[in-house]
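Student: This one is start.cif, mmCIF, C-alpha atoms.
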```
data_my_file
#
loop_
_atom_site.label_atom_id
_atom_site.label_comp_id
_atom_site.auth_asym_id
_atom_site.auth_seq_id
_atom_site.Cartn_x
_atom_site.Cartn_y
_atom_site.Cartn_z
CA MET A 1 -27.52 -22.79 -0.99
CA GLN A 2 -28.82 -19.26 -1.35
CA THR A 3 -30.07 -17.25 -4.27
CA TYR A 4 -28.84 -13.71 -4.92
CA VAL A 5 -30.20 -11.18 -7.42
CA VAL A 6 -27.46 -9.11 -9.04
CA GLN A 7 -27.70 -5.38 -8.27
CA SER A 8 -26.24 -2.41 -10.12
CA GLY A 9 -22.53 -2.07 -9.34
CA ASP A 10 -22.10 -5.72 -8.34
CA SER A 11 -19.18 -7.79 -9.54
CA LEU A 12 -18.56 -11.47 -9.04
CA TYR A 13 -15.72 -10.56 -6.72
CA SER A 14 -17.89 -8.29 -4.54
CA ILE A 15 -20.67 -10.87 -4.40
CA ALA A 16 -18.27 -13.70 -3.58
CA THR A 17 -16.56 -11.64 -0.88
CA GLY A 18 -19.91 -10.69 0.64
CA PHE A 19 -20.96 -14.33 0.94
CA GLY A 20 -17.55 -15.71 1.94
CA VAL A 21 -17.12 -17.84 -1.17
CA THR A 22 -14.78 -17.68 -4.14
CA VAL A 23 -15.57 -16.34 -7.59
CA ASP A 24 -14.87 -19.85 -8.91
CA ASP A 25 -17.50 -21.26 -6.54
CA ILE A 26 -20.11 -18.91 -8.02
CA LEU A 27 -18.97 -19.59 -11.59
CA GLN A 28 -19.17 -23.35 -11.09
CA GLY A 29 -22.41 -23.25 -9.11
CA ASN A 30 -24.12 -21.29 -11.89
CA GLU A 31 -22.37 -22.94 -14.85
CA LEU A 32 -21.03 -19.59 -16.02
CA ASP A 33 -18.25 -19.49 -18.61
CA GLY A 34 -16.99 -15.99 -17.87
CA SER A 35 -17.33 -13.19 -15.39
CA HIS A 36 -20.14 -11.38 -17.23
CA ILE A 37 -23.21 -10.88 -15.03
CA TYR A 38 -26.18 -8.55 -15.45
CA VAL A 39 -28.55 -6.66 -13.18
CA GLY A 40 -31.50 -8.83 -12.19
CA GLN A 41 -29.66 -12.09 -12.84
CA ARG A 42 -30.31 -14.77 -10.21
CA LEU A 43 -27.19 -16.44 -8.94
CA THR A 44 -27.01 -19.52 -6.79
CA ILE A 45 -24.56 -18.95 -3.96
CA PRO A 46 -22.95 -22.12 -2.60
CA GLN A 47 -22.44 -22.61 1.13
CA PRO A 48 -19.18 -21.06 2.29
CA SER A 49 -16.47 -23.39 3.45
CA ILE A 50 -15.62 -23.55 7.13
CA PHE A 51 -12.36 -21.74 6.38
CA PRO A 52 -13.02 -19.04 3.80
CA PRO A 53 -10.16 -18.34 1.40
CA PRO A 54 -8.02 -15.29 2.07
CA PRO A 55 -9.04 -12.18 0.17
CA LEU A 56 -7.39 -11.67 -3.18
CA PRO A 57 -4.74 -8.96 -3.39
CA LEU A 58 -5.81 -5.70 -4.94
CA PRO A 59 -4.92 -5.40 -8.61
CA PRO A 60 -1.93 -3.16 -9.36
CA PHE A 61 -2.68 0.37 -10.44
CA PRO A 62 -2.48 0.84 -14.22
CA PRO A 63 0.81 2.12 -15.64
CA GLY A 64 0.84 5.85 -16.18
CA SER A 65 -1.90 6.47 -13.65
CA ASN A 66 -1.81 9.53 -11.46
CA LEU A 67 -1.21 7.30 -8.42
CA GLU A 68 1.85 5.74 -10.00
CA GLN A 69 3.27 9.17 -10.81
CA ARG A 70 2.68 10.36 -7.26
CA VAL A 71 4.32 7.27 -5.75
CA ASN A 72 7.34 7.65 -8.04
CA ARG A 73 7.65 11.35 -7.15
CA LEU A 74 7.43 10.58 -3.42
CA GLU A 75 10.06 7.85 -3.74
CA ARG A 76 12.43 10.26 -5.52
CA GLU A 77 11.79 12.93 -2.88
CA GLN A 78 12.40 10.44 -0.07
CA PHE A 79 15.70 9.37 -1.68
CA ARG A 80 16.80 13.00 -2.11
CA MET A 81 15.93 13.85 1.50
CA SER A 82 17.75 10.75 2.73
CA GLN A 83 20.89 11.90 0.93
CA GLU A 84 20.52 15.38 2.40
CA ILE A 85 20.12 13.96 5.90
CA ASN A 86 23.29 11.89 5.42
CA GLN A 87 25.20 15.01 4.31
CA LEU A 88 23.94 16.96 7.33
CA GLN A 89 24.92 14.11 9.64
CA GLN A 90 28.44 14.15 8.18
CA ARG A 91 28.66 17.92 8.78
CA VAL A 92 27.46 17.49 12.37
CA ASN A 93 30.09 14.79 12.92
CA ARG A 94 32.84 17.06 11.56
CA LEU A 95 31.67 19.92 13.80
CA ASP A 96 31.60 17.55 16.75
CA VAL A 97 35.24 16.65 16.10
CA ARG A 98 36.20 20.34 15.88
CA VAL A 99 34.39 21.15 19.14
CA ARG A 100 36.21 18.31 20.92
CA ARG A 101 39.54 19.62 19.61
CA LEU A 102 38.74 23.14 20.82
CA GLU A 103 37.69 21.84 24.21
CA GLY A 104 41.03 20.01 24.43
CA HIS A 105 42.96 23.28 23.88
CA GLY A 106 42.09 24.95 27.17
CA GLY A 107 38.39 25.53 26.60
CA ILE A 108 38.69 28.62 24.45
CA ILE A 109 35.33 30.36 24.27
CA PHE A 110 34.88 32.71 21.36
CA GLY A 111 33.15 35.99 22.00
CA ALA A 112 33.59 35.78 25.78
CA GLU A 113 34.77 38.85 27.60
CA GLY A 114 37.55 38.29 29.96
#
```
For this file, produce the structure as structure tokens.
Tutor:
Amino acid sequence: MQTYVVQSGDSLYSIATGFGVTVDDILQGNELDGSHIYVGQRLTIPQPSIFPPPPLPLPPFPPGSNLEQRVNRLEREQFRMSQEINQLQQRVNRLDVRVRRLEGHGGIIFGAEG
């Protein structure tokens, strides 16, 4: 086991991740009831397991945050552009059909001098 002195900006998660252990391991090894730690506190760090646990997923961004608004705006913009692309593709297909018809009628070329 190792001892670690809590530094400013530390969290149990950052300490646990740095040592390859879980937050629960630190809580149990130090008989802590909650996640409150303070600068200068000495924590006993248990030995990491042979297979460290996978990292925890990042917490979701809070509702109403600027990031959420930006993501929503980008999703709306992507949907709108997707619809526009589909409309343009339909127009291209219709023009393609018209060109094939014109080519089938003797290859009339508009604007050509004869």
Student: Please identify all polymer residues within 12 Å of region 26-38 of chain A, counting only C-alpha atoms, omitting same-chain residues fewer than 5 positions from it, and present them as a list of chain:residue names.
Tutor: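 The residues that qualify are A:Met1, A:Gln2, A:Thr3, A:Tyr4, A:Val5, A:Val6, A:Gln7, A:Ser8, A:Gly9, A:Asp10, A:Ser11, A:Leu12, A:Tyr13, A:Ser14, A:Ile15, A:Ala16, A:Thr17, A:Gly18, A:Phe19, A:Gly20, A:Val21, A:Leu43, A:Thr44, A:Ile45, A:Pro46, A:Gln47, A:Pro48.
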Student: What does the distance from CA of Pro57 (chain A) to CA of Val23 (chain A) come to in Å, to one decimal?
Tutor: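 About the pair CA of Pro57 (chain A) and CA of Val23 (chain A): they are 13.8 Å apart.
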Student: Return the single residue from A:Val99, A:Leu56, A:Val71, A:Met81 that is closest to Thr22 (chain A), with distances computed using only C-alpha atoms.
Tutor: A:Leu56
Student: Between CA of Arg98 (chain A) and CA of Ser82 (chain A), what distance in Å does the model show, to one decimal?
Tutor: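 A separation of 24.6 Å between them.
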Student: Interatomic distance between CA of Gln87 (chain A) and CA of Glu68 (chain A)?
Tutor: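 Spanning CA of Gln87 (chain A) to CA of Glu68 (chain A) is a straight-line distance of 28.9 Å.
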